[in-house]
Structures are given as structure tokens and as C-alpha cells.
Amino acid sequence: MYNLLKGKKGIIFGALNENSIAWKTAQRAHEEGAEFVLTNAPASIRMGQLDVLAKKTGSQIIPADATSVEDLENLIEKSMEILGGKIDFVLHSIGMSVNVRKNKPYTDPNYDYTTKGWNVSAVSFHKVLNVLYHKKAMKDWGSIVALTYMAAQRVFPDYNDMADNKAYLESIARSFGYYFGRDFKVRVNTISQSPTPTTAGNGVKGFDGFINFSEKMSPLGNASAADCADYTISLFSDLTKKVTLQNLFHDGGFSNMGVSDAVMDKFE
């Protein structure tokens, strides 16, 4: 390891099990010398294995509903108490679509479901940033990262309203990132990751077929959850101090491809 995060302190949202990108990121952050608090919604903590990760990384868990400003204020305050000061890095790895779960098509959604998914997947990021900003909780040159997917820019029909949620998430990162950079020298970025077999990813209709398609389209193949964790660590480190307001594609080159030989072979 490289001690890239030695002495740094952070908060990691969204680890559920060992398949989670947030879980892999927590493991890598620990290996690189960081201390951090783990958080997730109480229901997700009950469903997942977060206590196992906490023991492995010597971390404490603070339950928080990321759609609740009150919960987030408690989380930030307690995290600074536990970690002994301001925060160097934050990972927002949260996303959920009730319409996807309930097999409601994009053309005929339940709008209550749409609102809930939009609140959890995107507005929660604005709330996290808002609490961090007003509490002046981030250290100078800190780093905040959220995970997204390129359905925010291109049409992937079965991704449903999560595409809209991710587009909003990316806009929040740019807009709020301006104020964080101007006022606190803190950077805010999103990582647009390859399709990844996490709990959330596996919930999307046709996921297995699409992940195989993406593998054949990408010159380097799909980026794994562990690969994404490595990339996230680089954005938390001091090596990327002037990278902000960016949506960074981490997808083996998929985002710049039109077609590949491997895909064309299927049609010829």
C-alpha cells in the first residue's frame, strides 16, 4: 500500500455487503491509513453486514437516513467527535428506485415511487453537502465523491427513473461543488462507474445481458467494484487536489465507444 490517506478522516455512506463499492472503498481507505465512520439507513444496516466491516476496519457505525437533515446533522456532529476534528473525505454511495423494484415502466411510473427514489438517490446528496457546508465540517482540500452511471447522459431503457436521478445527482455535484471550492477549497466529483454486480445493480432488469454487452464494448473491459474503490481512493488523496466539478468516467473506455469488433461479430 502507499499510505495515500495516512492521517485522513472520513465518512462512508452506503456499504451494505462485500459486493458494495462503498464496502470495497472502506477496505481500501483502511489499508491506506484512513480512519472513518460508516453510515447507512437503519433498515439497510439491519439487512446488511456493516458490523463485520466495522470490526475489520476499526470503525464506528452511525445510523442515518440520508434524506433526513436532522439525522445528517447528528451524523456529522458525532463523526467529528469520534474522529477528533473536521472531515477529509466523504463517499456518497446511495441509490434506490422503487419503480425498478416494483417493475413499473418508465412510461407508466408510480409518481410517489418516483419522488421517493429521487429523494434517496439525488436530493440526499444535496442534503449531505448542505449539512457539511453549513457546519464547516470539511477540511481545506477535502474531497467529496458520489457514484453515478452514464445513463445520466445516454438512454438505457431498463435503468428507468434512476437515469433521471443520476442526472440530478451529477448536477448537484457541479453546482454545490462550486461553492465548496470557492469557500473551503473542497472538491466535489462524481464517478460514472461501469455496470457493477452490486445489490442495486442486480435489481435492474436485464442486468446480466447488459454487463456482458458492456464487457465486449469496453477496450479494457468493465471496471470492478474493487477497481472503483482504487479510483475513489485516488480522488480522496492529495494527488488530485485540483480535480473538481467533474463527472469522471471509470468504465474501461465504454463511454467513448461507438461499437467494437466483439459486438459487431455478433451481428455479422
# chains A, B, ... in the order shown; residues from 1 in each chain; ligands from 1
$ residues_around --residues "region 190-194 of chain A" --least-positions-apart "3" --cutoff "9 Å" --atoms "only C-alpha atoms" --output "ChimeraX atom specification"
/A:144-150,169-170,173-174,211,214,222-225,228,231-232,245-252,254
$ write_last_selection --atoms "C-alpha atoms" --output "short mmCIF file (atom, residue, chain, number, x, y, z; two decimals), in the first residue's frame"
data_model
loop_
_atom_site.label_atom_id
_atom_site.label_comp_id
_atom_site.auth_asym_id
_atom_site.auth_seq_id
_atom_site.Cartn_x
_atom_site.Cartn_y
_atom_site.Cartn_z
CA ILE A 144 -16.44 14.55 -1.64
CA VAL A 145 -17.34 11.84 -4.15
CA ALA A 146 -20.70 10.43 -5.29
CA LEU A 147 -21.26 7.40 -7.50
CA THR A 148 -23.24 7.69 -10.72
CA TYR A 149 -23.81 5.93 -14.05
CA MET A 150 -23.72 7.08 -17.66
CA LEU A 169 -27.03 13.91 -8.75
CA GLU A 170 -24.34 15.00 -11.22
CA ALA A 173 -22.18 17.86 -7.58
CA ARG A 174 -21.28 20.60 -10.05
CA ILE A 211 -22.95 -6.29 -18.20
CA SER A 214 -20.53 -3.59 -21.74
CA ASN A 222 -15.65 -3.44 -17.21
CA ALA A 223 -14.23 -1.81 -14.10
CA SER A 224 -14.95 -3.89 -10.99
CA ALA A 225 -16.09 -2.65 -7.59
CA CYS A 228 -13.72 1.70 -8.47
CA TYR A 231 -10.10 5.20 -8.19
CA THR A 232 -12.11 6.67 -5.34
CA LEU A 245 -16.81 19.67 -10.64
CA GLN A 246 -16.06 16.64 -12.80
CA ASN A 247 -18.08 13.61 -13.80
CA LEU A 248 -15.28 11.10 -14.20
CA PHE A 249 -15.94 8.03 -16.35
CA HIS A 250 -14.48 4.85 -14.87
CA ASP A 251 -15.72 2.27 -17.34
CA GLY A 252 -12.86 0.69 -19.29
CA PHE A 254 -17.11 2.24 -22.75
#
$ select_by_dssp --residues "region 61-254 of chain A" --states "helix (DSSP H, G or I)" --output "PyMOL selection string"
chain A and resi 69-83+98-101+111-134+150-152+157-159+162-184+201-203+207-217+225-236+238-240+254
$ write_last_selection --atoms "C-alpha atoms" --output "compact mmCIF listing (two decimals), in the first residue's frame"
# COMPACT_ATOMS: atom_id res chain seq x y z
CA VAL A 69 -31.41 16.72 7.61
CA GLU A 70 -31.77 16.07 11.34
CA ASP A 71 -30.15 12.62 11.00
CA LEU A 72 -27.37 14.08 8.87
CA GLU A 73 -26.67 16.83 11.38
CA ASN A 74 -26.37 14.21 14.11
CA LEU A 75 -24.13 12.09 11.87
CA ILE A 76 -21.74 14.94 11.05
CA GLU A 77 -21.52 16.17 14.64
CA LYS A 78 -20.90 12.71 16.08
CA SER A 79 -18.41 11.86 13.33
CA MET A 80 -16.32 14.93 14.14
CA GLU A 81 -16.41 13.96 17.82
CA ILE A 82 -15.32 10.38 17.09
CA LEU A 83 -12.67 11.36 14.54
CA VAL A 98 -38.98 1.89 -6.08
CA ASN A 99 -40.29 1.89 -9.66
CA VAL A 100 -37.49 -0.50 -10.64
CA ARG A 101 -38.18 -2.70 -7.63
CA TYR A 111 -45.06 9.12 -9.08
CA ASP A 112 -44.94 8.60 -5.33
CA TYR A 113 -42.28 5.97 -6.04
CA THR A 114 -40.54 8.42 -8.38
CA THR A 115 -40.40 11.05 -5.65
CA LYS A 116 -39.04 8.62 -3.09
CA GLY A 117 -36.32 7.38 -5.44
CA TRP A 118 -35.38 10.93 -6.44
CA ASN A 119 -35.14 11.91 -2.76
CA VAL A 120 -32.97 8.93 -1.77
CA SER A 121 -30.74 8.86 -4.84
CA ALA A 122 -30.12 12.56 -5.53
CA VAL A 123 -31.67 15.01 -3.08
CA SER A 124 -29.93 13.14 -0.26
CA PHE A 125 -26.61 14.22 -1.79
CA HIS A 126 -27.69 17.86 -1.72
CA LYS A 127 -28.67 17.44 1.94
CA VAL A 128 -25.33 15.82 2.82
CA LEU A 129 -23.46 18.66 1.10
CA ASN A 130 -25.69 21.26 2.72
CA VAL A 131 -25.06 19.99 6.25
CA LEU A 132 -21.32 19.66 5.64
CA TYR A 133 -21.22 23.18 4.17
CA HIS A 134 -23.13 24.97 6.93
CA MET A 150 -23.72 7.08 -17.66
CA ALA A 151 -27.48 6.54 -18.08
CA ALA A 152 -27.47 10.17 -16.93
CA PRO A 157 -34.30 1.80 -21.08
CA ASP A 158 -34.29 -0.68 -18.21
CA TYR A 159 -32.42 1.73 -15.93
CA MET A 162 -32.62 6.00 -11.94
CA ALA A 163 -31.26 7.69 -15.08
CA ASP A 164 -33.07 10.90 -14.11
CA ASN A 165 -31.88 10.55 -10.52
CA LYS A 166 -28.26 10.22 -11.61
CA ALA A 167 -28.52 13.23 -13.94
CA TYR A 168 -29.78 15.29 -11.00
CA LEU A 169 -27.03 13.91 -8.75
CA GLU A 170 -24.34 15.00 -11.22
CA SER A 171 -25.84 18.48 -11.49
CA ILE A 172 -25.85 18.83 -7.70
CA ALA A 173 -22.18 17.86 -7.58
CA ARG A 174 -21.28 20.60 -10.05
CA SER A 175 -23.49 23.29 -8.57
CA PHE A 176 -22.70 22.71 -4.89
CA GLY A 177 -19.10 21.88 -5.81
CA TYR A 178 -18.63 25.45 -6.97
CA TYR A 179 -19.48 26.81 -3.52
CA PHE A 180 -17.35 24.21 -1.74
CA GLY A 181 -14.37 25.07 -3.94
CA ARG A 182 -14.83 28.82 -3.63
CA ASP A 183 -15.41 28.90 0.12
CA PHE A 184 -13.49 25.93 1.53
CA GLY A 201 -27.15 -3.22 -9.92
CA ASN A 202 -28.57 -6.72 -9.81
CA GLY A 203 -32.02 -5.23 -9.29
CA PHE A 207 -28.56 -6.63 -15.93
CA ASP A 208 -26.64 -9.82 -16.79
CA GLY A 209 -27.09 -9.24 -20.50
CA PHE A 210 -26.05 -5.65 -20.27
CA ILE A 211 -22.95 -6.29 -18.20
CA ASN A 212 -21.83 -8.79 -20.84
CA PHE A 213 -22.51 -6.25 -23.61
CA SER A 214 -20.53 -3.59 -21.74
CA GLU A 215 -17.65 -6.01 -21.26
CA LYS A 216 -17.48 -6.60 -25.02
CA MET A 217 -17.78 -2.88 -25.82
CA ALA A 225 -16.09 -2.65 -7.59
CA ALA A 226 -12.50 -3.07 -6.36
CA ASP A 227 -11.23 -1.03 -9.32
CA CYS A 228 -13.72 1.70 -8.47
CA ALA A 229 -12.55 1.68 -4.85
CA ASP A 230 -8.97 2.29 -6.03
CA TYR A 231 -10.10 5.20 -8.19
CA THR A 232 -12.11 6.67 -5.34
CA ILE A 233 -9.07 6.49 -3.05
CA SER A 234 -7.09 8.48 -5.60
CA LEU A 235 -9.77 11.19 -5.50
CA PHE A 236 -9.65 11.25 -1.70
CA ASP A 238 -3.80 14.80 -2.13
CA LEU A 239 -2.75 13.69 -5.63
CA THR A 240 -6.00 15.09 -7.08
CA PHE A 254 -17.11 2.24 -22.75
$ select_by_dssp --residues "region 172-204 of chain A" --states "strand (DSSP E)" --output "PyMOL selection string"
chain A and resi 187-193
$ write_last_selection --atoms "N, CA and C atoms" --output "PDB file, in the first residue's frame"
ATOM      1  N   ARG A 187     -13.131  19.801  -2.942  1.00  0.00           N
ATOM      2  CA  ARG A 187     -13.519  19.356  -4.278  1.00  0.00           C
ATOM      3  C   ARG A 187     -14.689  18.381  -4.212  1.00  0.00           C
ATOM      4  N   VAL A 188     -15.544  18.447  -5.223  1.00  0.00           N
ATOM      5  CA  VAL A 188     -16.728  17.595  -5.308  1.00  0.00           C
ATOM      6  C   VAL A 188     -16.789  17.000  -6.713  1.00  0.00           C
ATOM      7  N   ASN A 189     -16.805  15.679  -6.788  1.00  0.00           N
ATOM      8  CA  ASN A 189     -16.815  14.989  -8.079  1.00  0.00           C
ATOM      9  C   ASN A 189     -17.766  13.801  -8.046  1.00  0.00           C
ATOM     10  N   THR A 190     -18.156  13.339  -9.236  1.00  0.00           N
ATOM     11  CA  THR A 190     -18.890  12.091  -9.361  1.00  0.00           C
ATOM     12  C   THR A 190     -18.074  11.112 -10.195  1.00  0.00           C
ATOM     13  N   ILE A 191     -18.202   9.837  -9.871  1.00  0.00           N
ATOM     14  CA  ILE A 191     -17.569   8.770 -10.645  1.00  0.00           C
ATOM     15  C   ILE A 191     -18.667   8.010 -11.375  1.00  0.00           C
ATOM     16  N   SER A 192     -18.571   7.974 -12.702  1.00  0.00           N
ATOM     17  CA  SER A 192     -19.519   7.242 -13.530  1.00  0.00           C
ATOM     18  C   SER A 192     -18.926   5.857 -13.789  1.00  0.00           C
ATOM     19  N   GLN A 193     -19.397   4.890 -13.025  1.00  0.00           N
ATOM     20  CA  GLN A 193     -18.802   3.563 -12.960  1.00  0.00           C
ATOM     21  C   GLN A 193     -19.412   2.608 -13.984  1.00  0.00           C
TER      22      GLN A 193
END
$ atom_distance --atom1 "CA of Leu38 (chain A)" --atom2 "CA of Gly10 (chain A)"
8.8 Å
$ atom_distance --atom1 "CA of Ala15 (chain A)" --atom2 "CA of Pro219 (chain A)"
29.1 Å
$ decode --residues "region 62-204 of chain A" --atoms "C-alpha atoms" --output "PDB file, in the first residue's frame"
ATOM      1  CA  ILE A  62     -23.716   5.805  12.995  1.00  0.00           C
ATOM      2  CA  PRO A  63     -27.149   5.005  11.520  1.00  0.00           C
ATOM      3  CA  ALA A  64     -28.603   7.856   9.477  1.00  0.00           C
ATOM      4  CA  ASP A  65     -31.411   8.339   7.000  1.00  0.00           C
ATOM      5  CA  ALA A  66     -29.679  10.414   4.326  1.00  0.00           C
ATOM      6  CA  THR A  67     -32.990  12.049   3.399  1.00  0.00           C
ATOM      7  CA  SER A  68     -33.299  13.492   6.931  1.00  0.00           C
ATOM      8  CA  VAL A  69     -31.408  16.718   7.613  1.00  0.00           C
ATOM      9  CA  GLU A  70     -31.769  16.066  11.344  1.00  0.00           C
ATOM     10  CA  ASP A  71     -30.153  12.622  11.004  1.00  0.00           C
ATOM     11  CA  LEU A  72     -27.371  14.078   8.868  1.00  0.00           C
ATOM     12  CA  GLU A  73     -26.666  16.831  11.378  1.00  0.00           C
ATOM     13  CA  ASN A  74     -26.369  14.214  14.109  1.00  0.00           C
ATOM     14  CA  LEU A  75     -24.127  12.091  11.872  1.00  0.00           C
ATOM     15  CA  ILE A  76     -21.740  14.939  11.054  1.00  0.00           C
ATOM     16  CA  GLU A  77     -21.520  16.174  14.637  1.00  0.00           C
ATOM     17  CA  LYS A  78     -20.900  12.712  16.080  1.00  0.00           C
ATOM     18  CA  SER A  79     -18.415  11.856  13.326  1.00  0.00           C
ATOM     19  CA  MET A  80     -16.322  14.926  14.136  1.00  0.00           C
ATOM     20  CA  GLU A  81     -16.410  13.956  17.822  1.00  0.00           C
ATOM     21  CA  ILE A  82     -15.325  10.377  17.089  1.00  0.00           C
ATOM     22  CA  LEU A  83     -12.667  11.363  14.544  1.00  0.00           C
ATOM     23  CA  GLY A  84     -11.364  14.299  16.549  1.00  0.00           C
ATOM     24  CA  GLY A  85     -11.965  17.100  14.105  1.00  0.00           C
ATOM     25  CA  LYS A  86     -13.034  18.025  10.609  1.00  0.00           C
ATOM     26  CA  ILE A  87     -13.578  15.611   7.740  1.00  0.00           C
ATOM     27  CA  ASP A  88     -11.142  14.966   4.868  1.00  0.00           C
ATOM     28  CA  PHE A  89     -13.336  12.810   2.638  1.00  0.00           C
ATOM     29  CA  VAL A  90     -16.919  11.675   2.126  1.00  0.00           C
ATOM     30  CA  LEU A  91     -18.316   8.960  -0.147  1.00  0.00           C
ATOM     31  CA  HIS A  92     -21.992   9.095  -1.137  1.00  0.00           C
ATOM     32  CA  SER A  93     -22.858   5.631  -2.450  1.00  0.00           C
ATOM     33  CA  ILE A  94     -26.645   5.683  -2.240  1.00  0.00           C
ATOM     34  CA  GLY A  95     -29.246   4.891  -4.871  1.00  0.00           C
ATOM     35  CA  MET A  96     -32.722   3.383  -4.993  1.00  0.00           C
ATOM     36  CA  SER A  97     -35.684   3.242  -7.363  1.00  0.00           C
ATOM     37  CA  VAL A  98     -38.982   1.887  -6.084  1.00  0.00           C
ATOM     38  CA  ASN A  99     -40.293   1.893  -9.661  1.00  0.00           C
ATOM     39  CA  VAL A 100     -37.488  -0.501 -10.636  1.00  0.00           C
ATOM     40  CA  ARG A 101     -38.175  -2.705  -7.629  1.00  0.00           C
ATOM     41  CA  LYS A 102     -41.889  -2.796  -8.386  1.00  0.00           C
ATOM     42  CA  ASN A 103     -41.375  -3.327 -12.144  1.00  0.00           C
ATOM     43  CA  LYS A 104     -43.114  -0.078 -13.018  1.00  0.00           C
ATOM     44  CA  PRO A 105     -42.058   1.018 -16.530  1.00  0.00           C
ATOM     45  CA  TYR A 106     -40.621   4.465 -17.211  1.00  0.00           C
ATOM     46  CA  THR A 107     -43.676   5.276 -19.338  1.00  0.00           C
ATOM     47  CA  ASP A 108     -46.111   4.423 -16.538  1.00  0.00           C
ATOM     48  CA  PRO A 109     -44.462   5.099 -13.176  1.00  0.00           C
ATOM     49  CA  ASN A 110     -45.963   5.493  -9.754  1.00  0.00           C
ATOM     50  CA  TYR A 111     -45.057   9.120  -9.081  1.00  0.00           C
ATOM     51  CA  ASP A 112     -44.941   8.597  -5.325  1.00  0.00           C
ATOM     52  CA  TYR A 113     -42.281   5.971  -6.044  1.00  0.00           C
ATOM     53  CA  THR A 114     -40.545   8.415  -8.377  1.00  0.00           C
ATOM     54  CA  THR A 115     -40.401  11.055  -5.647  1.00  0.00           C
ATOM     55  CA  LYS A 116     -39.042   8.623  -3.086  1.00  0.00           C
ATOM     56  CA  GLY A 117     -36.322   7.380  -5.442  1.00  0.00           C
ATOM     57  CA  TRP A 118     -35.382  10.929  -6.439  1.00  0.00           C
ATOM     58  CA  ASN A 119     -35.143  11.906  -2.763  1.00  0.00           C
ATOM     59  CA  VAL A 120     -32.973   8.932  -1.767  1.00  0.00           C
ATOM     60  CA  SER A 121     -30.742   8.863  -4.844  1.00  0.00           C
ATOM     61  CA  ALA A 122     -30.124  12.564  -5.533  1.00  0.00           C
ATOM     62  CA  VAL A 123     -31.666  15.012  -3.082  1.00  0.00           C
ATOM     63  CA  SER A 124     -29.928  13.135  -0.256  1.00  0.00           C
ATOM     64  CA  PHE A 125     -26.611  14.222  -1.790  1.00  0.00           C
ATOM     65  CA  HIS A 126     -27.692  17.863  -1.716  1.00  0.00           C
ATOM     66  CA  LYS A 127     -28.666  17.438   1.938  1.00  0.00           C
ATOM     67  CA  VAL A 128     -25.327  15.822   2.816  1.00  0.00           C
ATOM     68  CA  LEU A 129     -23.464  18.659   1.097  1.00  0.00           C
ATOM     69  CA  ASN A 130     -25.690  21.262   2.719  1.00  0.00           C
ATOM     70  CA  VAL A 131     -25.057  19.988   6.250  1.00  0.00           C
ATOM     71  CA  LEU A 132     -21.315  19.662   5.636  1.00  0.00           C
ATOM     72  CA  TYR A 133     -21.222  23.177   4.172  1.00  0.00           C
ATOM     73  CA  HIS A 134     -23.133  24.965   6.929  1.00  0.00           C
ATOM     74  CA  LYS A 135     -21.334  23.135   9.710  1.00  0.00           C
ATOM     75  CA  LYS A 136     -17.999  23.931   8.029  1.00  0.00           C
ATOM     76  CA  ALA A 137     -17.216  20.280   8.626  1.00  0.00           C
ATOM     77  CA  MET A 138     -14.763  19.712   5.754  1.00  0.00           C
ATOM     78  CA  LYS A 139     -11.038  20.388   5.994  1.00  0.00           C
ATOM     79  CA  ASP A 140      -9.385  22.551   3.359  1.00  0.00           C
ATOM     80  CA  TRP A 141      -8.595  20.474   0.254  1.00  0.00           C
ATOM     81  CA  GLY A 142     -11.017  17.781   1.344  1.00  0.00           C
ATOM     82  CA  SER A 143     -12.798  15.581  -1.190  1.00  0.00           C
ATOM     83  CA  ILE A 144     -16.435  14.554  -1.638  1.00  0.00           C
ATOM     84  CA  VAL A 145     -17.338  11.837  -4.147  1.00  0.00           C
ATOM     85  CA  ALA A 146     -20.701  10.432  -5.287  1.00  0.00           C
ATOM     86  CA  LEU A 147     -21.263   7.405  -7.503  1.00  0.00           C
ATOM     87  CA  THR A 148     -23.240   7.691 -10.725  1.00  0.00           C
ATOM     88  CA  TYR A 149     -23.805   5.930 -14.053  1.00  0.00           C
ATOM     89  CA  MET A 150     -23.723   7.081 -17.661  1.00  0.00           C
ATOM     90  CA  ALA A 151     -27.477   6.540 -18.084  1.00  0.00           C
ATOM     91  CA  ALA A 152     -27.468  10.174 -16.928  1.00  0.00           C
ATOM     92  CA  GLN A 153     -26.223  11.033 -20.454  1.00  0.00           C
ATOM     93  CA  ARG A 154     -27.427   8.160 -22.640  1.00  0.00           C
ATOM     94  CA  VAL A 155     -30.570   6.049 -22.884  1.00  0.00           C
ATOM     95  CA  PHE A 156     -30.577   2.691 -21.097  1.00  0.00           C
ATOM     96  CA  PRO A 157     -34.299   1.805 -21.079  1.00  0.00           C
ATOM     97  CA  ASP A 158     -34.294  -0.679 -18.211  1.00  0.00           C
ATOM     98  CA  TYR A 159     -32.421   1.729 -15.933  1.00  0.00           C
ATOM     99  CA  ASN A 160     -35.748   3.516 -15.663  1.00  0.00           C
ATOM    100  CA  ASP A 161     -36.027   6.645 -13.476  1.00  0.00           C
ATOM    101  CA  MET A 162     -32.616   6.002 -11.937  1.00  0.00           C
ATOM    102  CA  ALA A 163     -31.256   7.689 -15.081  1.00  0.00           C
ATOM    103  CA  ASP A 164     -33.068  10.898 -14.111  1.00  0.00           C
ATOM    104  CA  ASN A 165     -31.876  10.547 -10.516  1.00  0.00           C
ATOM    105  CA  LYS A 166     -28.261  10.222 -11.613  1.00  0.00           C
ATOM    106  CA  ALA A 167     -28.520  13.230 -13.936  1.00  0.00           C
ATOM    107  CA  TYR A 168     -29.779  15.292 -10.998  1.00  0.00           C
ATOM    108  CA  LEU A 169     -27.030  13.912  -8.754  1.00  0.00           C
ATOM    109  CA  GLU A 170     -24.344  14.998 -11.221  1.00  0.00           C
ATOM    110  CA  SER A 171     -25.845  18.480 -11.486  1.00  0.00           C
ATOM    111  CA  ILE A 172     -25.849  18.829  -7.696  1.00  0.00           C
ATOM    112  CA  ALA A 173     -22.180  17.860  -7.578  1.00  0.00           C
ATOM    113  CA  ARG A 174     -21.282  20.603 -10.051  1.00  0.00           C
ATOM    114  CA  SER A 175     -23.495  23.293  -8.568  1.00  0.00           C
ATOM    115  CA  PHE A 176     -22.698  22.705  -4.894  1.00  0.00           C
ATOM    116  CA  GLY A 177     -19.104  21.883  -5.811  1.00  0.00           C
ATOM    117  CA  TYR A 178     -18.634  25.454  -6.974  1.00  0.00           C
ATOM    118  CA  TYR A 179     -19.482  26.814  -3.524  1.00  0.00           C
ATOM    119  CA  PHE A 180     -17.352  24.212  -1.743  1.00  0.00           C
ATOM    120  CA  GLY A 181     -14.369  25.066  -3.938  1.00  0.00           C
ATOM    121  CA  ARG A 182     -14.832  28.818  -3.626  1.00  0.00           C
ATOM    122  CA  ASP A 183     -15.408  28.902   0.117  1.00  0.00           C
ATOM    123  CA  PHE A 184     -13.493  25.934   1.535  1.00  0.00           C
ATOM    124  CA  LYS A 185     -11.113  24.651  -1.162  1.00  0.00           C
ATOM    125  CA  VAL A 186     -13.039  21.365  -1.092  1.00  0.00           C
ATOM    126  CA  ARG A 187     -13.519  19.356  -4.278  1.00  0.00           C
ATOM    127  CA  VAL A 188     -16.728  17.595  -5.308  1.00  0.00           C
ATOM    128  CA  ASN A 189     -16.815  14.989  -8.079  1.00  0.00           C
ATOM    129  CA  THR A 190     -18.890  12.091  -9.361  1.00  0.00           C
ATOM    130  CA  ILE A 191     -17.569   8.770 -10.645  1.00  0.00           C
ATOM    131  CA  SER A 192     -19.519   7.242 -13.530  1.00  0.00           C
ATOM    132  CA  GLN A 193     -18.802   3.563 -12.960  1.00  0.00           C
ATOM    133  CA  SER A 194     -19.165   0.513 -15.208  1.00  0.00           C
ATOM    134  CA  PRO A 195     -22.236  -1.634 -14.565  1.00  0.00           C
ATOM    135  CA  THR A 196     -21.270  -3.472 -11.398  1.00  0.00           C
ATOM    136  CA  PRO A 197     -22.940  -6.532  -9.815  1.00  0.00           C
ATOM    137  CA  THR A 198     -23.852  -4.871  -6.542  1.00  0.00           C
ATOM    138  CA  THR A 199     -27.184  -5.368  -4.768  1.00  0.00           C
ATOM    139  CA  ALA A 200     -28.554  -2.266  -6.521  1.00  0.00           C
ATOM    140  CA  GLY A 201     -27.150  -3.215  -9.925  1.00  0.00           C
ATOM    141  CA  ASN A 202     -28.566  -6.715  -9.809  1.00  0.00           C
ATOM    142  CA  GLY A 203     -32.022  -5.231  -9.292  1.00  0.00           C
ATOM    143  CA  VAL A 204     -32.083  -3.755 -12.804  1.00  0.00           C
TER     144      VAL A 204
END
